[in-house]
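Asker: Compact mmCIF, C-alpha atoms, saved as coords35.txt, coming up:
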# COMPACT_ATOMS: atom_id res chain seq x y z
CA MET A 1 0.00 0.00 0.00
CA HIS A 2 1.35 3.36 -1.00
CA LEU A 3 0.69 6.76 0.60
CA SER A 4 0.66 9.77 -1.69
CA GLY A 5 1.96 13.19 -0.72
CA ILE A 6 -1.51 14.55 0.03
CA ASP A 7 -2.31 11.44 2.11
CA LEU A 8 0.71 12.15 4.29
CA VAL A 9 -0.05 15.87 4.57
CA LEU A 10 -3.65 15.25 5.66
CA TRP A 11 -2.59 12.48 8.03
CA LEU A 12 -0.08 14.79 9.66
CA ALA A 13 -2.56 17.68 9.71
CA GLY A 14 -5.15 15.48 11.44
CA PHE A 15 -2.59 14.40 14.01
CA PHE A 16 -1.30 17.89 14.77
CA VAL A 17 -4.71 19.59 15.05
CA ASN A 18 -5.96 16.84 17.36
CA LEU A 19 -2.80 17.16 19.45
CA ALA A 20 -3.17 20.95 19.56
CA LEU A 21 -6.80 20.63 20.63
CA LEU A 22 -5.85 18.15 23.34
CA VAL A 23 -3.23 20.56 24.66
CA VAL A 24 -5.79 23.42 24.65
CA LEU A 25 -8.32 21.27 26.50
CA LEU A 26 -5.77 20.32 29.14
CA ILE A 27 -4.29 23.81 29.55
CA LYS A 28 -7.73 25.38 29.84
CA ARG A 29 -8.86 22.61 32.22
CA ARG A 30 -11.88 21.69 30.12
CA PHE A 31 -11.57 18.12 31.39
CA ALA A 32 -13.71 19.00 34.42
CA SER A 33 -16.66 20.05 32.24
CA PHE A 34 -16.22 17.78 29.23
CA PRO A 35 -14.31 14.65 30.26
CA ILE A 36 -15.74 12.44 27.50
CA PHE A 37 -14.95 15.00 24.82
CA VAL A 38 -11.34 15.16 26.05
CA VAL A 39 -11.12 11.34 26.02
CA TRP A 40 -12.53 11.29 22.49
CA ILE A 41 -9.92 13.76 21.24
CA ALA A 42 -7.17 11.82 23.05
CA LEU A 43 -8.39 8.66 21.31
CA SER A 44 -8.21 10.47 17.96
CA VAL A 45 -4.54 11.30 18.62
CA VAL A 46 -3.75 7.70 19.58
CA ARG A 47 -5.72 6.39 16.60
CA THR A 48 -3.83 8.52 14.08
CA VAL A 49 -0.45 7.34 15.39
CA THR A 50 -1.51 3.69 15.65
CA LEU A 51 -3.04 3.57 12.19
CA PHE A 52 0.05 5.18 10.71
CA ILE A 53 2.20 2.42 12.22
CA VAL A 54 -0.21 -0.42 11.39
CA TYR A 55 -0.63 0.83 7.81
CA ARG A 56 2.78 -0.61 6.92
CA MET A 57 1.84 -4.04 8.27
CA GLY A 58 -0.62 -4.87 5.52
CA ARG A 59 -4.29 -4.63 4.65
CA ALA A 60 -5.81 -7.04 7.20
CA PRO A 61 -4.17 -5.65 10.38
CA TYR A 62 -4.96 -2.13 9.18
CA PHE A 63 -8.59 -2.99 8.56
CA TYR A 64 -9.12 -4.58 11.99
CA THR A 65 -7.33 -1.74 13.78
CA TYR A 66 -9.26 0.85 11.78
CA TRP A 67 -12.54 -0.87 12.49
CA SER A 68 -11.83 -1.28 16.24
CA PHE A 69 -10.97 2.41 16.55
CA GLY A 70 -13.95 3.31 14.37
CA PHE A 71 -16.30 1.45 16.68
CA ALA A 72 -14.81 3.11 19.79
CA ASP A 73 -15.00 6.45 17.97
CA LEU A 74 -18.72 6.06 17.24
CA ILE A 75 -19.49 5.05 20.83
CA LEU A 76 -17.50 8.01 22.17
CA GLN A 77 -19.20 10.43 19.76
CA LEU A 78 -22.58 9.27 21.03
CA VAL A 79 -21.41 9.64 24.64
CA VAL A 80 -20.10 13.15 23.80
CA PHE A 81 -23.66 13.96 22.70
CA TYR A 82 -24.96 12.55 25.96
CA GLU A 83 -22.45 14.72 27.80
CA ALA A 84 -23.69 17.78 25.90
CA ALA A 85 -27.30 16.77 26.58
CA VAL A 86 -26.54 16.66 30.30
CA HIS A 87 -25.20 20.23 30.12
CA ILE A 88 -28.24 21.47 28.18
CA PHE A 89 -31.16 19.44 29.49
CA ARG A 90 -30.02 18.89 33.06
CA PRO A 91 -28.76 22.30 34.11
CA GLY A 92 -29.92 21.62 37.66
CA PRO A 93 -29.96 18.45 39.75
CA SER A 94 -32.62 16.74 37.61
CA TRP A 95 -33.52 16.37 33.94
CA THR A 96 -36.00 18.80 32.42
CA SER A 97 -39.39 17.08 32.36
CA ASP A 98 -40.20 14.70 29.49
CA VAL A 99 -36.69 15.02 28.03
CA ARG A 100 -35.56 11.49 28.69
CA ARG A 101 -38.63 9.90 27.15
CA ALA A 102 -38.38 12.18 24.14
CA PHE A 103 -34.71 11.30 23.76
CA LEU A 104 -35.41 7.58 23.82
CA TRP A 105 -37.90 8.07 21.00
CA ILE A 106 -35.42 10.17 19.03
CA ILE A 107 -32.66 7.58 19.46
CA ALA A 108 -35.04 4.79 18.37
CA ILE A 109 -36.15 6.72 15.26
CA ALA A 110 -32.56 7.76 14.45
CA LEU A 111 -31.45 4.11 14.68
CA VAL A 112 -34.29 2.83 12.49
CA VAL A 113 -33.71 5.50 9.80
CA GLY A 114 -29.93 5.08 9.94
CA ILE A 115 -29.95 1.28 9.78
CA ALA A 116 -32.59 1.20 7.01
CA LEU A 117 -30.64 3.64 4.85
CA THR A 118 -27.35 1.87 5.53
CA TRP A 119 -28.94 -1.42 4.47
CA LEU A 120 -30.28 0.21 1.31
CA GLY A 121 -26.89 1.52 0.26
CA ALA A 122 -24.87 -1.16 -1.47
CA PRO A 123 -21.34 0.25 -1.84
CA ALA A 124 -19.71 -0.38 -5.18
CA ALA A 125 -16.73 -2.22 -3.69
CA ASP A 126 -15.34 -5.68 -4.39
CA ASP A 127 -14.30 -6.72 -0.90
CA ILE A 128 -16.33 -6.99 2.27
CA GLU A 129 -13.88 -4.90 4.33
CA SER A 130 -14.37 -1.83 2.15
CA ARG A 131 -18.13 -2.26 2.19
CA ILE A 132 -18.13 -2.46 6.00
CA VAL A 133 -15.98 0.67 6.31
CA ILE A 134 -18.19 2.70 3.94
CA ARG A 135 -21.40 1.52 5.58
CA GLY A 136 -20.00 2.11 9.08
CA ASN A 137 -18.99 5.68 8.22
CA PHE A 138 -22.40 6.35 6.74
CA LEU A 139 -24.30 4.94 9.73
CA SER A 140 -22.27 6.90 12.29
CA SER A 141 -22.68 10.16 10.31
CA VAL A 142 -26.45 9.70 9.99
CA LEU A 143 -26.87 8.84 13.68
CA VAL A 144 -24.80 11.76 14.97
CA SER A 145 -26.45 14.22 12.55
CA GLU A 146 -29.95 13.16 13.56
CA LEU A 147 -29.10 13.48 17.26
CA PHE A 148 -27.51 16.86 16.63
CA ILE A 149 -30.62 18.23 14.93
CA ALA A 150 -32.91 16.67 17.54
CA MET A 151 -30.89 18.31 20.30
CA ILE A 152 -31.18 21.75 18.72
CA GLY A 153 -34.91 21.28 18.17
CA MET A 154 -35.64 20.11 21.70
CA SER A 155 -33.62 22.83 23.37
CA VAL A 156 -35.41 25.52 21.33
CA LYS A 157 -38.82 23.99 22.04
CA LEU A 158 -38.10 23.79 25.77
CA GLY A 159 -36.48 27.23 25.90
CA LEU A 160 -33.17 25.98 27.24
CA PRO A 161 -30.12 28.14 26.53
CA TRP A 162 -26.81 26.62 25.45
CA ARG A 163 -23.69 27.66 27.28
CA THR A 164 -20.92 28.80 24.96
CA HIS A 165 -18.58 25.78 25.00
CA VAL A 166 -21.32 23.16 24.77
CA ALA A 167 -22.76 24.99 21.78
CA ARG A 168 -19.38 25.04 20.01
CA ILE A 169 -18.70 21.34 20.62
CA VAL A 170 -22.12 20.29 19.35
CA GLN A 171 -21.99 22.68 16.37
CA GLY A 172 -18.63 21.32 15.27
CA LEU A 173 -19.64 17.71 15.66
CA GLY A 174 -23.01 18.28 13.99
CA VAL A 175 -21.64 20.09 10.95
CA TYR A 176 -18.88 17.50 10.52
CA SER A 177 -21.48 14.72 10.67
CA LEU A 178 -23.59 16.39 7.99
CA ILE A 179 -20.49 16.57 5.80
CA GLY A 180 -19.92 12.91 6.73
CA ILE A 181 -23.34 11.99 5.29
CA VAL A 182 -22.44 13.63 1.98
CA SER A 183 -18.99 12.05 1.80
CA SER A 184 -20.04 8.52 2.76
CA CYS A 185 -23.05 8.73 0.46
CA LEU A 186 -20.76 9.66 -2.43
CA GLN A 187 -18.31 6.93 -1.45
CA THR A 188 -21.16 4.42 -1.48
CA TYR A 189 -22.15 5.59 -4.93
CA PHE A 190 -18.71 5.71 -6.53
CA GLY A 191 -17.15 2.91 -4.49
CA PHE A 192 -13.72 1.93 -5.76
CA ILE A 193 -14.27 2.56 -9.44
CA ARG A 194 -11.26 3.77 -11.44
CA GLY A 195 -8.90 2.25 -8.90
CA GLY A 196 -10.48 4.08 -5.97
CA GLU A 197 -9.58 7.54 -7.26
CA ALA A 198 -12.98 9.03 -6.40
CA TYR A 199 -12.98 7.30 -3.02
CA ARG A 200 -9.61 8.82 -2.11
CA THR A 201 -10.60 12.30 -3.28
CA ILE A 202 -13.76 12.20 -1.15
CA THR A 203 -11.74 10.92 1.83
CA HIS A 204 -9.31 13.82 1.41
CA ALA A 205 -12.19 16.30 1.37
CA ARG A 206 -13.67 14.76 4.52
CA ILE A 207 -10.35 14.86 6.38
CA GLY A 208 -9.96 18.48 5.27
CA ALA A 209 -13.39 19.26 6.72
CA TYR A 210 -12.42 17.50 9.94
CA VAL A 211 -9.21 19.55 10.21
CA ILE A 212 -11.26 22.76 9.80
CA CYS A 213 -13.73 21.54 12.42
CA VAL A 214 -10.94 20.80 14.93
CA GLY A 215 -9.46 24.22 14.15
CA PHE A 216 -12.83 25.74 15.06
CA TRP A 217 -12.76 23.84 18.39
CA ILE A 218 -9.18 24.93 19.11
CA VAL A 219 -10.11 28.60 18.75
CA THR A 220 -13.50 28.51 20.47
CA LEU A 221 -12.50 26.24 23.35
CA TYR A 222 -9.36 28.28 23.97
CA MET A 223 -11.49 31.38 24.53
CA GLU A 224 -13.28 31.76 27.84
CA ALA A 225 -17.07 31.87 27.97
CA PRO A 226 -18.57 35.26 28.89
CA GLU A 227 -18.95 35.73 32.63
CA PRO A 228 -22.58 35.28 33.70
CA LYS A 229 -24.22 37.98 35.79
CA SER A 230 -24.67 37.00 39.40
CA LEU A 231 -27.86 37.57 41.29
CA PRO A 232 -27.96 40.18 44.01
CA GLU A 233 -27.88 38.55 47.47
CA GLU A 234 -31.35 39.75 48.42
CA MET A 235 -32.85 38.53 45.17
CA HIS A 236 -31.20 35.15 45.55
CA ARG A 237 -32.76 34.77 48.99
CA GLN A 238 -36.17 35.85 47.70
CA LEU A 239 -35.83 33.56 44.73
CA VAL A 240 -35.46 30.54 46.95
CA LEU A 241 -38.49 31.57 49.03
CA VAL A 242 -40.67 32.28 46.00
CA GLN A 243 -39.64 29.02 44.37
CA GLN A 244 -40.37 26.96 47.48
CA ARG A 245 -43.80 28.52 47.80
CA ALA A 246 -44.55 28.21 44.10
CA SER A 247 -43.61 24.55 44.04
CA PHE A 248 -45.74 23.82 47.07
CA VAL A 249 -48.82 25.60 45.74
CA LEU A 250 -48.55 24.54 42.11
CA GLY A 251 -47.70 20.99 43.15
CA ARG A 252 -51.02 20.77 44.98
CA LEU A 253 -52.87 22.34 42.11
CA GLY A 254 -51.19 20.17 39.48
CA GLY A 255 -51.78 17.04 41.54
CA SER A 256 -55.52 17.54 41.42
CA GLY A 257 -55.50 18.91 37.87
CA GLN A 258 -53.91 16.23 35.77
CA ALA A 259 -55.23 13.20 37.59
CA MET B 1 -35.70 1.69 -13.90
CA ILE B 2 -34.35 3.15 -10.66
CA SER B 3 -31.55 1.09 -9.19
CA ARG B 4 -31.15 0.42 -5.48
CA LEU B 5 -28.10 2.65 -5.41
CA ASP B 6 -29.99 5.54 -7.06
CA LEU B 7 -32.78 5.13 -4.51
CA PHE B 8 -30.22 5.20 -1.69
CA VAL B 9 -28.67 8.41 -2.98
CA ALA B 10 -32.09 10.04 -3.50
CA ILE B 11 -33.33 9.18 0.01
CA SER B 12 -30.00 10.19 1.57
CA ALA B 13 -30.19 13.53 -0.25
CA LEU B 14 -33.75 14.07 1.00
CA LEU B 15 -32.69 13.19 4.55
CA LEU B 16 -29.76 15.58 4.33
CA ILE B 17 -31.96 18.41 3.04
CA ALA B 18 -34.52 17.73 5.79
CA LEU B 19 -31.79 17.76 8.45
CA VAL B 20 -30.19 20.96 7.15
CA VAL B 21 -33.52 22.77 6.80
CA THR B 22 -34.65 21.66 10.29
CA ALA B 23 -31.32 22.73 11.76
CA GLY B 24 -31.59 26.09 9.99
CA VAL B 25 -35.15 26.74 11.20
CA TYR B 26 -34.37 25.87 14.82
CA TRP B 27 -31.05 27.68 14.73
CA LYS B 28 -32.81 30.82 13.52
CA LYS B 29 -35.36 30.45 16.32
CA SER B 30 -32.63 29.98 18.91
CA ARG B 31 -30.80 33.06 17.62
CA ARG B 32 -34.02 35.05 17.82
CA ALA B 33 -34.46 33.93 21.44
CA ALA B 34 -30.81 34.68 22.21
CA ASP B 35 -31.02 38.14 20.66
CA SER B 36 -34.31 39.02 22.35
CA THR B 37 -34.40 41.96 24.66
CA TRP B 38 -36.66 42.22 27.66
CA GLU B 39 -38.80 44.78 25.84
CA SER B 40 -39.16 42.71 22.68
CA LEU B 41 -40.28 39.71 24.71
CA LEU B 42 -42.93 41.70 26.54
CA GLU B 43 -44.20 43.12 23.26
CA ARG B 44 -44.99 39.58 22.15
CA LEU B 45 -47.39 39.00 25.04
CA ASN B 46 -51.01 38.89 23.92
CA ASP B 47 -53.59 41.01 25.63
CA VAL B 48 -55.33 38.94 28.25
CA ASN B 49 -58.08 40.26 30.47
CA ARG B 50 -56.26 39.94 33.80
CA GLY B 51 -59.36 40.67 35.82
CA ASN B 52 -61.29 37.86 34.20
CA VAL B 53 -58.38 35.40 34.49
CA ALA B 54 -58.08 36.28 38.18
CA ARG B 55 -61.82 35.84 38.71
CA VAL B 56 -61.83 32.39 37.10
CA ALA B 57 -58.65 31.38 38.95
CA LEU B 58 -59.86 32.62 42.35
CA ASP B 59 -63.08 30.70 41.92
CA LEU B 60 -60.97 27.52 42.09
CA ILE B 61 -58.17 28.57 44.44
CA ASP B 62 -57.48 31.27 47.00
CA GLU B 63 -54.74 33.92 46.81
CA ASP B 64 -52.26 31.40 48.22
CA GLY B 65 -53.15 28.86 45.58
CA VAL B 66 -54.97 26.52 47.93
CA ASN B 67 -58.18 24.95 46.60
CA SER B 68 -61.13 26.94 47.91
CA ASP B 69 -63.25 25.18 50.54
CA ALA B 70 -66.54 26.16 48.95
CA GLY B 71 -65.61 24.63 45.61
CA PRO B 72 -65.99 26.31 42.20
CA GLU B 73 -69.10 28.40 41.75
CA LEU B 74 -68.73 29.57 38.16
CA ASP B 75 -70.44 27.38 35.60
CA SER B 76 -69.14 26.42 32.15
CA THR B 77 -70.92 29.24 30.35
CA GLU B 78 -69.53 31.91 32.65
CA ILE B 79 -65.99 30.52 32.45
CA TRP B 80 -66.27 30.34 28.66
CA LYS B 81 -67.42 33.96 28.51
CA LEU B 82 -64.82 35.28 30.99
CA LEU B 83 -61.88 33.55 29.29
CA GLY B 84 -63.04 34.32 25.77
CA GLY B 85 -63.69 30.70 24.75
CA LEU B 86 -61.15 28.60 22.94
CA GLU B 87 -59.70 31.69 21.28
CA GLY B 88 -58.95 33.20 24.68
CA MET B 89 -57.32 29.96 25.78
CA GLU B 90 -55.16 30.04 22.66
CA ARG B 91 -54.02 33.54 23.64
CA LEU B 92 -53.00 32.16 27.05
CA GLU B 93 -51.18 29.33 25.27
CA ALA B 94 -49.35 31.81 23.03
CA ASN B 95 -48.34 33.78 26.12
CA CYS B 96 -46.89 30.58 27.53
CA ASP B 97 -44.46 30.49 24.58
CA VAL B 98 -43.37 33.99 25.59
CA LEU B 99 -43.06 32.88 29.21
CA ILE B 100 -40.79 30.04 28.07
CA ASP B 101 -38.68 32.65 26.25
CA LEU B 102 -38.72 34.75 29.42
CA ALA B 103 -37.40 31.71 31.27
CA PHE B 104 -34.67 31.42 28.62
CA TYR B 105 -33.86 35.10 29.11
CA VAL B 106 -33.77 34.85 32.91
CA GLN B 107 -31.56 31.73 32.81
CA ARG B 108 -29.22 33.25 30.24
CA GLU B 109 -28.83 36.53 32.10
CA TYR B 110 -28.78 35.02 35.58
CA PRO B 111 -27.72 31.35 35.48
CA GLU B 112 -28.27 31.22 39.24
CA ALA B 113 -31.97 31.81 38.62
CA LEU B 114 -32.19 28.36 37.06
CA VAL B 115 -34.82 27.19 39.53
CA ILE B 116 -37.33 29.90 38.70
CA ALA B 117 -36.63 29.51 34.98
CA GLU B 118 -37.26 25.78 35.27
CA ASP B 119 -40.48 26.44 37.18
CA LEU B 120 -41.66 28.89 34.53
CA ARG B 121 -40.97 26.36 31.79
CA LEU B 122 -42.70 23.56 33.64
CA LYS B 123 -45.84 25.55 34.40
CA ALA B 124 -46.01 27.08 30.93
CA ARG B 125 -45.97 23.57 29.52
CA GLU B 126 -48.63 22.53 32.03
CA ILE B 127 -50.93 25.23 30.64
CA GLN B 128 -50.11 24.14 27.10
CA TRP B 129 -51.09 20.61 28.14
CA HIS B 130 -54.50 21.85 29.38
CA VAL B 131 -55.06 23.84 26.18
CA SER B 132 -54.08 20.88 24.01
CA ARG B 133 -56.73 18.81 25.80
CA LEU B 134 -59.26 21.53 25.04
CA LYS B 135 -58.30 21.55 21.38
CA GLY B 136 -58.63 17.77 21.29
CA ALA B 137 -62.07 18.03 22.89
CA ALA B 138 -63.07 20.69 20.33
CA GLU B 139 -62.05 18.35 17.49
CA ARG B 140 -64.06 15.52 19.01
CA GLY B 141 -67.05 17.83 19.44
CA ASN B 142 -67.27 17.61 23.25
CA LEU B 143 -65.66 20.92 24.14
CA GLU B 144 -68.56 22.00 26.36
CA THR B 145 -68.13 19.17 28.85
CA SER B 146 -64.32 19.57 29.07
CA PHE B 147 -63.98 23.34 28.93
CA ALA B 148 -64.76 24.30 32.51
CA ASP B 149 -62.33 21.85 34.08
CA TYR B 150 -59.29 22.26 31.81
CA ALA B 151 -59.76 25.99 31.20
CA GLN B 152 -60.20 26.84 34.87
CA ARG B 153 -57.08 24.91 35.88
CA ALA B 154 -55.10 26.50 33.05
CA ALA B 155 -56.30 29.94 34.14
CA ALA B 156 -55.40 29.20 37.78
CA THR B 157 -51.90 28.02 36.81
CA TYR B 158 -51.40 31.05 34.58
CA TYR B 159 -52.60 33.39 37.33
CA LEU B 160 -50.26 31.92 39.94
CA MET B 161 -47.34 31.71 37.57
CA THR B 162 -47.57 35.35 36.52
CA ARG B 163 -48.00 36.41 40.17
CA HIS B 164 -44.86 34.49 41.16
CA LEU B 165 -42.92 36.03 38.29
CA LEU B 166 -44.03 39.49 39.37
CA ALA B 167 -43.18 38.71 42.99
CA LEU B 168 -39.70 37.65 41.91
CA TYR B 169 -39.12 40.84 39.98
CA GLU B 170 -40.52 42.98 42.75
CA ALA B 171 -38.40 41.21 45.37
CA GLY B 172 -35.25 41.58 43.33
CA ASN B 173 -36.07 45.16 42.43
CA LEU B 174 -35.04 44.23 38.90
CA PRO B 175 -35.34 46.63 35.99
CA GLY B 176 -38.42 45.88 33.92
CA TYR B 177 -40.78 45.22 36.83
CA SER B 178 -43.29 47.94 35.89
CA GLN B 179 -43.27 46.86 32.23
CA LEU B 180 -43.82 43.26 33.23
CA GLN B 181 -46.65 44.24 35.55
CA ALA B 182 -48.33 46.16 32.77
CA ALA B 183 -47.87 43.33 30.27
CA LEU B 184 -49.11 40.53 32.50
Represent the structure from my file as structure tokens, please.

Answerer:
Amino acid sequence: MHLSGIDLVLWLAGFFVNLALLVVLLIKRRFASFPIFVVWIALSVVRTVTLFIVYRMGRAPYFYTYWSFGFADLILQLVVFYEAAVHIFRPGPSWTSDVRRAFLWIIAIALVVGIALTWLGAPAADDIESRIVIRGNFLSSVLVSELFIAMIGMSVKLGLPWRTHVARIVQGLGVYSLIGIVSSCLQTYFGFIRGGEAYRTITHARIGAYVICVGFWIVTLYMEAPEPKSLPEEMHRQLVLVQQRASFVLGRLGGSGQA
Amino acid sequence: MISRLDLFVAISALLLIALVVTAGVYWKKSRRAADSTWESLLERLNDVNRGNVARVALDLIDEDGVNSDAGPELDSTEIWKLLGGLEGMERLEANCDVLIDLAFYVQREYPEALVIAEDLRLKAREIQWHVSRLKGAAERGNLETSFADYAQRAAATYYLMTRHLLALYEAGNLPGYSQLQAAL
């Protein structure tokens, strides 16, 4: 297997931007707020190095390593979304009402749509490994995109604001996943025709998009979020009193109202 | 003849368009909420006859929100007239959307006020639940039998919620109290 000049450049670019982002996350102590996101980026750094080494060992070891990392990558991306959902939909000690049930429905629908479409697509590739890789990429992009859109929709409907860093993480991941749908759809269509020329070009474009996305994270996660206003002491005290009374009264009213 | 691959590409393209359009619509809405000022939010509140809402609410509960001992005295026809029928209830429902945006505003400006924002959201959705039941009853043609119960509870929740919001603003001596009082 031979790596072209552009392959090497993009491989190196992917490695360095991931490493730079990891450094930013550690320096800025984002681990406390987004531990899964930090682990995901750390995995990306390890994956790039490992795949580069394994690439020289032949097609089969590369495929299994790629696939193992790909699976871990998908799981971590989904957990990153869960982490973001916790920030948005559980700003206090408990989840905003009805969110969990709605999310279970969304995940179920996203899975059904994603799996059905992945089954429908029959990549134009000769070997099973290539077909699995293309289908896997497509499925993960569709799942993450659907969850991304659902998260935006639910937060708007419920009137829940997004804090700066959560918004940037989800925006980056969401936009990259939408690009992932386009690229894996095209890869399914063109497959490995003309010696895989189209496949490689699309892969280059996707890696380029990923590098831009990580660059966006580096800049936005390096910057501090705007300082929130703090409540005056008296208002804070009154707030607690009003809330306690409101919960008591409305709880009684609601209990007899929706029975 | 459309091949399986063509069908896959066509459906994927439709899915992508649907996702991008949905994202765009919600993103625009979220930007509108984020860019809202206190004044612009209050301007969106529909005119509601506060006196009538209070009368319907206080027929079910007292000033502290406790169910009145005597029980409701207003009948369906009076409640319908005082609240302006289903149209009036829809105005209350529309105001709940504004109250959710107010909750967004409060939480964004004062993250510590999360509890009151969460309470506003919860109760606004409770009213929307009551109104949705009324709409369902209207579609089924049995609005008359359902109206008094759902509408009176929605009015009582709305009354208490707006009073608590005003109390909060008054207690905190926050700017915008007089505007809020006039709007609610």

Asker: Write out as number ranges by chain each polymer residue whose atoms come within 9 Å of stretch 207-215 of chain A, counting all atoms listed in the file; drop sequence neighbours fewer than 3 positions from it.

Answerer: A: 10-11, 13-14, 17-18, 20-21, 172-173, 175-176, 179, 202-204, 218-220

Asker: May I have the residues from that selection written out with C-alpha atoms, as a PDB file, in the coordinates of the input?

Answerer:
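The resulting result_21.pdb:
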ATOM      1  CA  LEU A  10      -3.650  15.250   5.660  1.00  0.00           C
ATOM      2  CA  TRP A  11      -2.590  12.480   8.030  1.00  0.00           C
ATOM      3  CA  ALA A  13      -2.560  17.680   9.710  1.00  0.00           C
ATOM      4  CA  GLY A  14      -5.150  15.480  11.440  1.00  0.00           C
ATOM      5  CA  VAL A  17      -4.710  19.590  15.050  1.00  0.00           C
ATOM      6  CA  ASN A  18      -5.960  16.840  17.360  1.00  0.00           C
ATOM      7  CA  ALA A  20      -3.170  20.950  19.560  1.00  0.00           C
ATOM      8  CA  LEU A  21      -6.800  20.630  20.630  1.00  0.00           C
ATOM      9  CA  GLY A 172     -18.630  21.320  15.270  1.00  0.00           C
ATOM     10  CA  LEU A 173     -19.640  17.710  15.660  1.00  0.00           C
ATOM     11  CA  VAL A 175     -21.640  20.090  10.950  1.00  0.00           C
ATOM     12  CA  TYR A 176     -18.880  17.500  10.520  1.00  0.00           C
ATOM     13  CA  ILE A 179     -20.490  16.570   5.800  1.00  0.00           C
ATOM     14  CA  ILE A 202     -13.760  12.200  -1.150  1.00  0.00           C
ATOM     15  CA  THR A 203     -11.740  10.920   1.830  1.00  0.00           C
ATOM     16  CA  HIS A 204      -9.310  13.820   1.410  1.00  0.00           C
ATOM     17  CA  ILE A 218      -9.180  24.930  19.110  1.00  0.00           C
ATOM     18  CA  VAL A 219     -10.110  28.600  18.750  1.00  0.00           C
ATOM     19  CA  THR A 220     -13.500  28.510  20.470  1.00  0.00           C
TER      20      THR A 220
END

Asker: With only C-alpha atoms considered, list every residue of chain B at most 6 Å from chain A, as a list of chain:residue names.

Answerer: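 Here is what falls inside 6 Å: B:Leu5, B:Phe8, B:Ala23, B:Tyr26, B:Ser30, B:Gly65, B:Ile100, B:Asp101, B:Phe104, B:Tyr110, B:Gly172.
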
Asker: One number please: atom CA of A:Val46 to atom CA of A:Trp217, in Å, one decimal.

Answerer: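 Going from atom CA of A:Val46 over to atom CA of A:Trp217, I get 18.5 Å.
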
Asker: Using Å and a single decimal, report how far atom CA of A:Ile106 sits from atom CA of A:Phe31.

Answerer: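 Going from atom CA of A:Phe31 over to atom CA of A:Ile106 covers 28.0 Å.
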
Asker: Just the number, please: distance in Å from atom CA of A:Ile36 to atom CA of A:Val80, one decimal.

Answerer: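 For atom CA of A:Ile36 relative to atom CA of A:Val80, the distance reads 5.8 Å.
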
Asker: May I have the residues at most 7 Å from (-16.8, 32.0, 26.2) in the file's coordinates, counting all atoms listed in the file, as a PDB file with C-alpha atoms, in the frame of the given file?

Answerer:
ATOM      1  CA  THR A 164     -20.920  28.800  24.960  1.00  0.00           C
ATOM      2  CA  HIS A 165     -18.580  25.780  25.000  1.00  0.00           C
ATOM      3  CA  MET A 223     -11.490  31.380  24.530  1.00  0.00           C
ATOM      4  CA  GLU A 224     -13.280  31.760  27.840  1.00  0.00           C
ATOM      5  CA  ALA A 225     -17.070  31.870  27.970  1.00  0.00           C
ATOM      6  CA  PRO A 226     -18.570  35.260  28.890  1.00  0.00           C
TER       7      PRO A 226
END

Asker: Counting only C-alpha atoms, figure out which residue out of B:Leu14, B:His164, B:Val106, B:Ala151 gets nearest to B:Ala34.

Answerer: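 Going through B:Leu14, B:His164, B:Val106, B:Ala151 one by one, the smallest distance to B:Ala34 is for B:Val106.
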
Asker: Compile the contact shell of A:Ile134 as a PyMOL selection string: residues with an atom at most 9 Å away, counting all atoms listed in the file, same-chain residues fewer than 2 positions apart removed.

Answerer: chain A and resi 123+129-132+136-139+184-185+187-188+191

Asker: Take the residues that were just selected and, keeping C-alpha atoms, output them as a short mmCIF file (atom, residue, chain, number, x, y, z; two decimals), keeping the file's coordinate frame.

Answerer:
data_model
loop_
_atom_site.label_atom_id
_atom_site.label_comp_id
_atom_site.auth_asym_id
_atom_site.auth_seq_id
_atom_site.Cartn_x
_atom_site.Cartn_y
_atom_site.Cartn_z
CA PRO A 123 -21.34 0.25 -1.84
CA GLU A 129 -13.88 -4.90 4.33
CA SER A 130 -14.37 -1.83 2.15
CA ARG A 131 -18.13 -2.26 2.19
CA ILE A 132 -18.13 -2.46 6.00
CA GLY A 136 -20.00 2.11 9.08
CA ASN A 137 -18.99 5.68 8.22
CA PHE A 138 -22.40 6.35 6.74
CA LEU A 139 -24.30 4.94 9.73
CA SER A 184 -20.04 8.52 2.76
CA CYS A 185 -23.05 8.73 0.46
CA GLN A 187 -18.31 6.93 -1.45
CA THR A 188 -21.16 4.42 -1.48
CA GLY A 191 -17.15 2.91 -4.49
#

Asker: Which is closest to A:Val99 among B:Ala10, B:Leu134, B:Leu122, B:Val21, if we use all atoms listed in the file?

Answerer: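 Smallest separation from A:Val99 among the options: B:Leu122.
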
Asker: Return the single residue from A:Arg29, A:Arg101, A:Arg59, A:Arg168 that is closest to A:Ala84, with distances computed using only C-alpha atoms.

Answerer: A:Arg168

Asker: Give me the residues near stretch 43-60 of chain B as a PyMOL selection string, where near means some atom within 7 Å (using all atoms listed in the file) and where sequence neighbours in that chain fewer than 6 positions away do not count.

Answerer: chain B and resi 67-68+71-74+79+82-83+91+95+98+152+155-156+159+183

Asker: Contacts of B:Leu166 at 8 Å or less, counting all atoms listed in the file, minus same-chain residues fewer than 4 places along, as a PyMOL selection string?

Answerer: chain B and resi 162+170+177+180-181
